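A.B. asks: Input structure: entry_2.txt, which contains compact mmCIF, C-alpha atoms and all ligand atoms.
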```txt
# COMPACT_ATOMS: atom_id res chain seq x y z
CA MET O 252 66.05 -287.32 27.40
CA ARG O 253 64.83 -283.78 27.81
CA TRP O 254 68.23 -282.19 28.52
CA TYR O 255 69.89 -283.61 25.40
CA ASP O 256 66.88 -282.59 23.30
CA VAL O 257 67.58 -279.00 24.37
CA PHE O 258 71.38 -279.38 24.11
CA ALA O 259 70.94 -280.70 20.53
CA HIS O 260 70.29 -277.13 19.34
CA THR O 261 73.76 -275.88 20.32
CA TYR O 262 75.78 -279.12 20.65
CA ASP O 263 77.56 -278.88 17.29
CA ALA O 264 78.25 -275.15 17.55
CA GLN O 265 79.69 -275.59 21.06
CA LEU O 266 81.67 -278.81 20.71
CA GLU O 267 82.26 -279.98 17.15
CA ALA O 268 85.44 -278.00 16.44
CA LEU O 269 86.83 -278.86 19.88
CA TYR O 270 86.67 -282.65 19.54
CA ARG O 271 87.11 -282.98 15.75
CA PRO O 272 90.94 -283.19 15.79
CA TYR O 273 90.83 -286.12 18.23
CA ARG O 274 88.15 -288.30 16.60
CA PRO O 275 90.39 -289.80 13.86
CA ALA O 276 92.37 -291.69 16.53
CA ALA O 277 89.15 -293.52 17.40
CA PHE O 278 88.27 -294.15 13.74
CA ASP O 279 91.74 -295.63 13.16
CA ALA O 280 91.37 -297.92 16.19
CA LEU O 281 88.21 -299.41 14.64
CA ARG O 282 90.36 -300.91 11.82
CA LEU O 283 87.45 -300.67 9.41
CA ALA O 284 87.21 -302.14 5.93
CA PRO O 285 84.99 -300.67 3.21
CA GLY O 286 81.43 -301.99 3.24
CA GLN O 287 81.32 -302.82 6.96
CA THR O 288 78.62 -301.91 9.49
CA VAL O 289 79.46 -299.84 12.59
CA LEU O 290 77.34 -299.28 15.68
CA ASP O 291 77.76 -295.67 16.86
CA LEU O 292 76.51 -296.00 20.43
CA ALA O 293 74.91 -292.80 21.79
CA CYS O 294 75.67 -291.22 18.41
CA GLY O 295 74.37 -287.77 19.35
CA THR O 296 74.25 -285.42 16.37
CA GLY O 297 76.43 -287.79 14.33
CA GLN O 298 79.78 -286.03 14.72
CA ASN O 299 81.48 -289.35 13.89
CA PHE O 300 79.60 -289.81 10.63
CA ASP O 301 81.98 -287.93 8.33
CA GLY O 302 84.97 -289.97 9.49
CA LEU O 303 83.05 -293.23 9.38
CA ALA O 304 81.64 -292.52 5.91
CA GLU O 305 85.17 -291.86 4.65
CA ARG O 306 86.43 -295.20 5.93
CA LEU O 307 83.35 -297.31 5.15
CA GLY O 308 82.85 -296.11 1.58
CA PRO O 309 79.52 -296.13 -0.28
CA ALA O 310 78.66 -299.73 0.68
CA GLY O 311 79.20 -299.11 4.41
CA ARG O 312 76.48 -298.63 6.97
CA VAL O 313 76.14 -296.99 10.38
CA VAL O 314 73.67 -297.99 13.06
CA GLY O 315 73.31 -294.95 15.30
CA LEU O 316 71.52 -295.27 18.60
CA ASP O 317 70.58 -292.46 20.95
CA ALA O 318 67.95 -291.78 23.61
CA SER O 319 67.42 -288.18 22.49
CA GLU O 320 65.12 -287.47 19.56
CA GLY O 321 66.60 -283.98 19.24
CA MET O 322 70.11 -285.39 18.80
CA LEU O 323 68.88 -288.01 16.34
CA LYS O 324 67.14 -285.39 14.22
CA LYS O 325 70.49 -283.65 13.74
CA ALA O 326 72.16 -287.01 13.08
CA ARG O 327 69.56 -287.83 10.39
CA ALA O 328 70.19 -284.51 8.64
CA ARG O 329 73.95 -285.09 8.75
CA ALA O 330 73.72 -288.64 7.37
CA ASP O 331 71.50 -287.42 4.54
CA ARG O 332 73.93 -284.61 3.74
CA LEU O 333 76.78 -287.12 3.56
CA GLY O 334 74.79 -289.72 1.61
CA LEU O 335 75.62 -292.16 4.42
CA GLU O 336 73.40 -295.20 4.88
CA ALA O 337 72.39 -294.88 8.52
CA ALA O 338 69.79 -296.73 10.56
CA LEU O 339 69.07 -294.33 13.42
CA VAL O 340 67.42 -295.86 16.44
CA HIS O 341 65.70 -293.96 19.21
CA ALA O 342 66.21 -296.15 22.28
CA ASP O 343 67.87 -296.44 25.64
CA ALA O 344 71.31 -298.03 25.27
CA THR O 345 70.73 -300.12 28.38
CA ALA O 346 67.77 -301.90 26.78
CA ALA O 347 68.56 -301.77 23.06
CA ALA O 348 68.59 -304.72 20.66
CA TYR O 349 71.03 -304.31 17.78
CA PRO O 350 71.61 -306.08 14.49
CA PRO O 351 75.01 -307.80 14.16
CA VAL O 352 77.80 -305.24 13.56
CA ASP O 353 81.48 -305.35 12.56
CA ALA O 354 82.61 -302.68 15.04
CA VAL O 355 81.31 -300.57 17.92
CA LEU O 356 82.23 -296.93 18.50
CA ALA O 357 81.21 -295.03 21.63
CA THR O 358 82.47 -291.44 21.82
CA LEU O 359 81.77 -289.39 24.96
CA ALA O 360 79.12 -291.99 25.67
CA PHE O 361 80.08 -294.21 28.61
CA THR O 362 80.61 -291.23 30.91
CA ALA O 363 77.06 -290.05 30.06
CA LEU O 364 75.05 -293.29 29.99
CA PRO O 365 73.10 -294.09 33.16
CA ASP O 366 74.11 -297.77 33.24
CA PRO O 367 77.42 -298.29 31.41
CA ASP O 368 77.66 -302.00 32.30
CA ALA O 369 74.28 -302.82 30.75
CA ALA O 370 74.96 -300.65 27.68
CA PHE O 371 78.34 -302.33 27.18
CA ALA O 372 76.86 -305.84 27.47
CA ARG O 373 74.16 -305.06 24.88
CA ALA O 374 76.60 -303.64 22.37
CA LEU O 375 79.13 -306.42 22.92
CA ASP O 376 76.44 -309.00 22.10
CA ALA O 377 75.95 -307.37 18.69
CA LEU O 378 79.68 -307.24 17.87
CA ARG O 379 81.03 -310.03 15.68
CA PRO O 380 83.98 -312.04 17.06
CA GLY O 381 87.18 -310.34 15.94
CA GLY O 382 85.41 -306.95 15.76
CA ARG O 383 86.75 -303.86 17.50
CA PHE O 384 85.10 -301.99 20.38
CA VAL O 385 86.42 -298.44 20.64
CA LEU O 386 85.84 -295.68 23.20
CA LEU O 387 86.80 -292.03 23.01
CA ASP O 388 86.20 -290.41 26.35
CA VAL O 389 87.48 -288.24 29.18
CA HIS O 390 88.73 -289.36 32.58
CA ALA O 391 89.36 -286.92 35.42
CA GLU O 392 92.28 -288.37 37.38
CA ARG O 393 92.39 -284.99 39.12
CA ARG O 394 89.23 -282.93 39.49
CA ARG O 395 89.30 -279.28 38.49
CA PHE O 396 86.71 -276.59 37.76
CA GLN O 397 86.43 -277.67 34.10
CA THR O 398 85.65 -281.25 35.22
CA TRP O 399 82.67 -280.00 37.14
CA LEU O 400 81.60 -277.79 34.22
CA VAL O 401 81.80 -280.60 31.63
CA GLU O 402 79.87 -282.89 33.96
CA LYS O 403 77.14 -280.30 34.40
CA ILE O 404 76.85 -279.52 30.70
CA ALA O 405 77.02 -283.14 29.48
CA ARG O 406 75.23 -284.74 32.47
CA ALA O 407 78.34 -286.92 32.70
CA ASP O 408 80.55 -288.53 35.33
CA LEU O 409 84.22 -288.10 34.47
CA ASN O 410 85.32 -290.22 37.42
CA ARG O 411 84.23 -293.34 35.56
CA ARG O 412 86.75 -295.78 34.11
CA PRO O 413 84.81 -297.39 31.26
CA TRP O 414 87.96 -298.88 29.70
CA THR O 415 87.90 -301.42 32.55
CA LEU O 416 84.79 -302.91 30.88
CA LEU O 417 86.92 -303.55 27.80
CA GLU O 418 89.77 -304.98 29.87
CA ALA O 419 87.41 -307.49 31.49
CA ALA O 420 85.80 -308.75 28.28
CA LEU O 421 88.05 -308.15 25.28
CA ASP O 422 91.48 -309.11 23.92
CA ASP O 423 94.26 -306.79 22.84
CA VAL O 424 93.00 -303.88 24.97
CA SER O 425 94.90 -300.60 24.77
CA ARG O 426 94.37 -297.08 26.10
CA THR O 427 96.04 -294.09 24.51
CA ASP O 428 96.22 -290.60 25.97
CA LEU O 429 95.46 -288.15 23.15
CA ASN O 430 97.51 -285.40 24.81
CA ALA O 431 94.64 -282.93 24.78
CA PRO O 432 94.73 -280.11 27.37
CA ALA O 433 93.02 -281.36 30.55
CA LYS O 434 92.10 -277.81 31.48
CA THR O 435 89.92 -277.67 28.34
CA PHE O 436 88.38 -281.15 28.46
CA GLY O 437 88.09 -281.56 32.23
CA GLY O 438 90.49 -284.53 32.30
CA THR O 439 92.49 -286.86 30.08
CA LEU O 440 91.01 -287.39 26.64
CA TYR O 441 91.80 -290.96 25.56
CA VAL O 442 90.97 -293.69 23.10
CA ALA O 443 90.52 -297.20 24.50
CA ALA O 444 90.05 -300.17 22.20
CA GLY O 445 89.86 -303.94 22.24
CA THR O 446 88.98 -306.91 20.06
CA LYS O 447 86.08 -309.26 20.73
CA ARG O 448 87.31 -312.76 21.43
CA ALA O 449 86.76 -315.38 18.77
CA LEU O 450 84.16 -317.99 19.78
C1 LIG V 501 78.11 -286.22 25.30
S1 LIG V 501 76.93 -286.80 24.16
C2 LIG V 501 77.98 -287.66 22.99
C3 LIG V 501 77.38 -287.72 21.61
C4 LIG V 501 78.28 -288.27 20.50
N1 LIG V 501 78.62 -289.65 20.74
C5 LIG V 501 79.52 -287.44 20.32
O1 LIG V 501 80.62 -287.99 20.30
O2 LIG V 501 79.38 -286.22 20.12
C6 LIG V 501 76.15 -288.13 25.04
C7 LIG V 501 75.00 -288.75 24.27
O3 LIG V 501 74.49 -289.83 25.04
C8 LIG V 501 73.10 -289.89 24.82
N2 LIG V 501 72.50 -290.68 25.90
C9 LIG V 501 72.43 -290.37 27.21
N3 LIG V 501 71.81 -291.37 27.90
C10 LIG V 501 71.51 -292.33 26.99
C11 LIG V 501 70.89 -293.61 27.05
N4 LIG V 501 70.44 -294.10 28.22
N5 LIG V 501 70.76 -294.33 25.92
C12 LIG V 501 71.19 -293.84 24.74
N6 LIG V 501 71.79 -292.64 24.60
C13 LIG V 501 71.95 -291.88 25.71
C14 LIG V 501 72.68 -288.44 24.79
O4 LIG V 501 71.42 -288.24 24.21
C15 LIG V 501 73.82 -287.82 24.00
O5 LIG V 501 73.54 -287.78 22.62
```
Please express what this file holds, its structure, as structure tokens.
C.D. replies:
Amino acid sequence: MRWYDVFAHTYDAQLEALYRPYRPAAFDALRLAPGQTVLDLACGTGQNFDGLAERLGPAGRVVGLDASEGMLKKARARADRLGLEAALVHADATAAAYPPVDAVLATLAFTALPDPDAAFARALDALRPGGRFVLLDVHAERRRFQTWLVEKIARADLNRRPWTLLEAALDDVSRTDLNAPAKTFGGTLYVAAGTKRAL
């Protein structure tokens, strides 16, 4: 994960303020209760941690997985700053084994993961029935210069439609356009969410 180890040095300075206003829509879609455990899939530097800590309270827990040690180092520092209980796992999302979790959050993840189907299947296995699986991501329905730029910087593919994974496997699936400027984000910024079927 060499590129993201390098990107980790400037990731927060470049992107945190840009995405921060849109993250609460994803936190809300998780429908969390205090004390629950959330899997933050491809957690990066932990930009979701503040919002998750707020909703989970002192008894809550985050499992953060990422393939980049550089990103995880930043995530560790952030969790410690927040006093958030976080198990941070250095692994490839396509081969990871998770503990059982109450909810899964994947922000700007499924457009960057090399094998979204495998990563989704792994995370879904860990999610308890009735738990929420939430994506925040960008889709380029029309390609523009910024699409290309975001893809280069994030090593991402904004043509992907990862919400279709949710539609195929979950109940109560929704997708909400966050009305962010496409010329800034390279496409439509959206939250997609669904509920794992009861056994
Ligand atoms: C665009 S960043 C998103 C980070 C964070 N979720 C956020 O919202 O800021 C994509 C993340 O995916 C991670 N990643 C890429 N390939 C991965 C893989 N195969 N397994 C786990 N993480 C991976 C990168 O290291 C990076 O932290």
A.B. asks: Which residue gives the smallest distance to Tyr270 (chain O) among O:Pro309, O:Ala360, O:Asn299, O:Arg373, with all atoms listed in the file counted?
C.D. replies: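 Closest residue, counting all atoms listed in the file: O:Asn299.
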A.B. asks: Find, counting only C-alpha atoms, the residue in O:Gly311, O:Pro272, O:Pro351, O:Gly445 that gets nearest to Thr415 (chain O).
C.D. replies: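 Closest to Thr415 (chain O), using only C-alpha atoms: O:Gly445.
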A.B. asks: Quick one: everything within 6 Å of Thr296 (chain O), counting all atoms listed in the file, minus sequence neighbours fewer than 2 positions away in the same chain. Send it as a PDB file with C-alpha atoms, in the frame of the given file.
C.D. replies:
```
ATOM      1  CA  GLN O 298      79.780-286.030  14.720  1.00  0.00           C
ATOM      2  CA  MET O 322      70.110-285.390  18.800  1.00  0.00           C
ATOM      3  CA  LEU O 323      68.880-288.010  16.340  1.00  0.00           C
ATOM      4  CA  LYS O 325      70.490-283.650  13.740  1.00  0.00           C
ATOM      5  CA  ALA O 326      72.160-287.010  13.080  1.00  0.00           C
TER       6      ALA O 326
END
```
A.B. asks: Which residues are near ligand LIG 501 (chain V) in this structure, taking near to mean any atom at most 9 Å from a ligand atom and counting all atoms listed in the file? Format them as an NGL selection string.
C.D. replies: :O and (252-256 or 258-259 or 262-263 or 266-267 or 270 or 274 or 291-299 or 316-323 or 341-347 or 356-367 or 370 or 387-388 or 404-407)
A.B. asks: Keeping only C-alpha atoms, take the residues you just selected and write them out as a PDB file, in the coordinates of the input.
C.D. replies:
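again09.pdb, freshly written:
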```pdb
ATOM      1  CA  MET O 252      66.050-287.320  27.400  1.00  0.00           C
ATOM      2  CA  ARG O 253      64.830-283.780  27.810  1.00  0.00           C
ATOM      3  CA  TRP O 254      68.230-282.190  28.520  1.00  0.00           C
ATOM      4  CA  TYR O 255      69.890-283.610  25.400  1.00  0.00           C
ATOM      5  CA  ASP O 256      66.880-282.590  23.300  1.00  0.00           C
ATOM      6  CA  PHE O 258      71.380-279.380  24.110  1.00  0.00           C
ATOM      7  CA  ALA O 259      70.940-280.700  20.530  1.00  0.00           C
ATOM      8  CA  TYR O 262      75.780-279.120  20.650  1.00  0.00           C
ATOM      9  CA  ASP O 263      77.560-278.880  17.290  1.00  0.00           C
ATOM     10  CA  LEU O 266      81.670-278.810  20.710  1.00  0.00           C
ATOM     11  CA  GLU O 267      82.260-279.980  17.150  1.00  0.00           C
ATOM     12  CA  TYR O 270      86.670-282.650  19.540  1.00  0.00           C
ATOM     13  CA  ARG O 274      88.150-288.300  16.600  1.00  0.00           C
ATOM     14  CA  ASP O 291      77.760-295.670  16.860  1.00  0.00           C
ATOM     15  CA  LEU O 292      76.510-296.000  20.430  1.00  0.00           C
ATOM     16  CA  ALA O 293      74.910-292.800  21.790  1.00  0.00           C
ATOM     17  CA  CYS O 294      75.670-291.220  18.410  1.00  0.00           C
ATOM     18  CA  GLY O 295      74.370-287.770  19.350  1.00  0.00           C
ATOM     19  CA  THR O 296      74.250-285.420  16.370  1.00  0.00           C
ATOM     20  CA  GLY O 297      76.430-287.790  14.330  1.00  0.00           C
ATOM     21  CA  GLN O 298      79.780-286.030  14.720  1.00  0.00           C
ATOM     22  CA  ASN O 299      81.480-289.350  13.890  1.00  0.00           C
ATOM     23  CA  LEU O 316      71.520-295.270  18.600  1.00  0.00           C
ATOM     24  CA  ASP O 317      70.580-292.460  20.950  1.00  0.00           C
ATOM     25  CA  ALA O 318      67.950-291.780  23.610  1.00  0.00           C
ATOM     26  CA  SER O 319      67.420-288.180  22.490  1.00  0.00           C
ATOM     27  CA  GLU O 320      65.120-287.470  19.560  1.00  0.00           C
ATOM     28  CA  GLY O 321      66.600-283.980  19.240  1.00  0.00           C
ATOM     29  CA  MET O 322      70.110-285.390  18.800  1.00  0.00           C
ATOM     30  CA  LEU O 323      68.880-288.010  16.340  1.00  0.00           C
ATOM     31  CA  HIS O 341      65.700-293.960  19.210  1.00  0.00           C
ATOM     32  CA  ALA O 342      66.210-296.150  22.280  1.00  0.00           C
ATOM     33  CA  ASP O 343      67.870-296.440  25.640  1.00  0.00           C
ATOM     34  CA  ALA O 344      71.310-298.030  25.270  1.00  0.00           C
ATOM     35  CA  THR O 345      70.730-300.120  28.380  1.00  0.00           C
ATOM     36  CA  ALA O 346      67.770-301.900  26.780  1.00  0.00           C
ATOM     37  CA  ALA O 347      68.560-301.770  23.060  1.00  0.00           C
ATOM     38  CA  LEU O 356      82.230-296.930  18.500  1.00  0.00           C
ATOM     39  CA  ALA O 357      81.210-295.030  21.630  1.00  0.00           C
ATOM     40  CA  THR O 358      82.470-291.440  21.820  1.00  0.00           C
ATOM     41  CA  LEU O 359      81.770-289.390  24.960  1.00  0.00           C
ATOM     42  CA  ALA O 360      79.120-291.990  25.670  1.00  0.00           C
ATOM     43  CA  PHE O 361      80.080-294.210  28.610  1.00  0.00           C
ATOM     44  CA  THR O 362      80.610-291.230  30.910  1.00  0.00           C
ATOM     45  CA  ALA O 363      77.060-290.050  30.060  1.00  0.00           C
ATOM     46  CA  LEU O 364      75.050-293.290  29.990  1.00  0.00           C
ATOM     47  CA  PRO O 365      73.100-294.090  33.160  1.00  0.00           C
ATOM     48  CA  ASP O 366      74.110-297.770  33.240  1.00  0.00           C
ATOM     49  CA  PRO O 367      77.420-298.290  31.410  1.00  0.00           C
ATOM     50  CA  ALA O 370      74.960-300.650  27.680  1.00  0.00           C
ATOM     51  CA  LEU O 387      86.800-292.030  23.010  1.00  0.00           C
ATOM     52  CA  ASP O 388      86.200-290.410  26.350  1.00  0.00           C
ATOM     53  CA  ILE O 404      76.850-279.520  30.700  1.00  0.00           C
ATOM     54  CA  ALA O 405      77.020-283.140  29.480  1.00  0.00           C
ATOM     55  CA  ARG O 406      75.230-284.740  32.470  1.00  0.00           C
ATOM     56  CA  ALA O 407      78.340-286.920  32.700  1.00  0.00           C
TER      57      ALA O 407
END
```
A.B. asks: Between CA of Phe371 (chain O) and CA of Phe384 (chain O), what is the distance, to one decimal in Å?
C.D. replies: 9.6 Å
A.B. asks: Using Å and a single decimal, report how far CA of Gln265 (chain O) sits from CA of Asp331 (chain O).
C.D. replies: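 Atom-to-atom, CA of Asp331 (chain O) and CA of Gln265 (chain O) are spaced 21.9 Å apart.
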A.B. asks: Distance CA of Ala330 (chain O)-CA of Leu386 (chain O), one decimal place?
C.D. replies: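 Separation of CA of Ala330 (chain O) and CA of Leu386 (chain O): 21.1 Å.
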A.B. asks: I need the residue nearest Thr446 (chain O) from this list: O:Asp353, O:Asp408, O:Asp428, O:Asp368. Use all atoms listed in the file for the distance.
C.D. replies: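 Going through O:Asp353, O:Asp408, O:Asp428, O:Asp368 one by one, the smallest distance to Thr446 (chain O) is for O:Asp353.
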A.B. asks: Go through O:Val424, O:Ala433, O:Ala372, O:Ala284 one by one, measure the shortest atom-to-atom distance of each to Thr398 (chain O) using only C-alpha atoms, and give the residue with the smallest value.
C.D. replies: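 Closest to Thr398 (chain O), using only C-alpha atoms: O:Ala433.
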A.B. asks: Would you please work out which residue, of O:Gly437, O:Gln287, O:Thr261, O:Ala444, is nearest to Glu418 (chain O) when using only C-alpha atoms?
C.D. replies: O:Ala444
A.B. asks: Could you check the closest approach to Arg332 (chain O) for each of O:Ala304, O:Leu281, O:Ala391, O:Glu402 and tell me which residue wins, using all atoms listed in the file?
C.D. replies: O:Ala304
A.B. asks: Pick out the residues sitting within 10 Å of Leu375 (chain O), and hand them over as a short mmCIF file (atom, residue, chain, number, x, y, z; two decimals) with C-alpha atoms, keeping the file's coordinate frame; count only C-alpha atoms, and ignore anything fewer than 2 positions along from it in its own chain.
C.D. replies:
```
data_model
loop_
_atom_site.label_atom_id
_atom_site.label_comp_id
_atom_site.auth_asym_id
_atom_site.auth_seq_id
_atom_site.Cartn_x
_atom_site.Cartn_y
_atom_site.Cartn_z
CA TYR O 349 71.03 -304.31 17.78
CA PRO O 351 75.01 -307.80 14.16
CA VAL O 352 77.80 -305.24 13.56
CA ALA O 354 82.61 -302.68 15.04
CA VAL O 355 81.31 -300.57 17.92
CA ALA O 369 74.28 -302.82 30.75
CA ALA O 370 74.96 -300.65 27.68
CA PHE O 371 78.34 -302.33 27.18
CA ALA O 372 76.86 -305.84 27.47
CA ARG O 373 74.16 -305.06 24.88
CA ALA O 377 75.95 -307.37 18.69
CA LEU O 378 79.68 -307.24 17.87
CA ARG O 379 81.03 -310.03 15.68
CA PRO O 380 83.98 -312.04 17.06
CA GLY O 382 85.41 -306.95 15.76
CA ARG O 383 86.75 -303.86 17.50
CA PHE O 384 85.10 -301.99 20.38
CA LEU O 417 86.92 -303.55 27.80
CA ALA O 420 85.80 -308.75 28.28
CA LEU O 421 88.05 -308.15 25.28
CA LYS O 447 86.08 -309.26 20.73
#
```
A.B. asks: Find the residues around Thr439 (chain O) up to 10 Å (only C-alpha atoms counted), leave out those fewer than 6 positions away in its own chain, and share them as a VMD selection string.
C.D. replies: chain O and resid 388 to 393 409 427 to 433
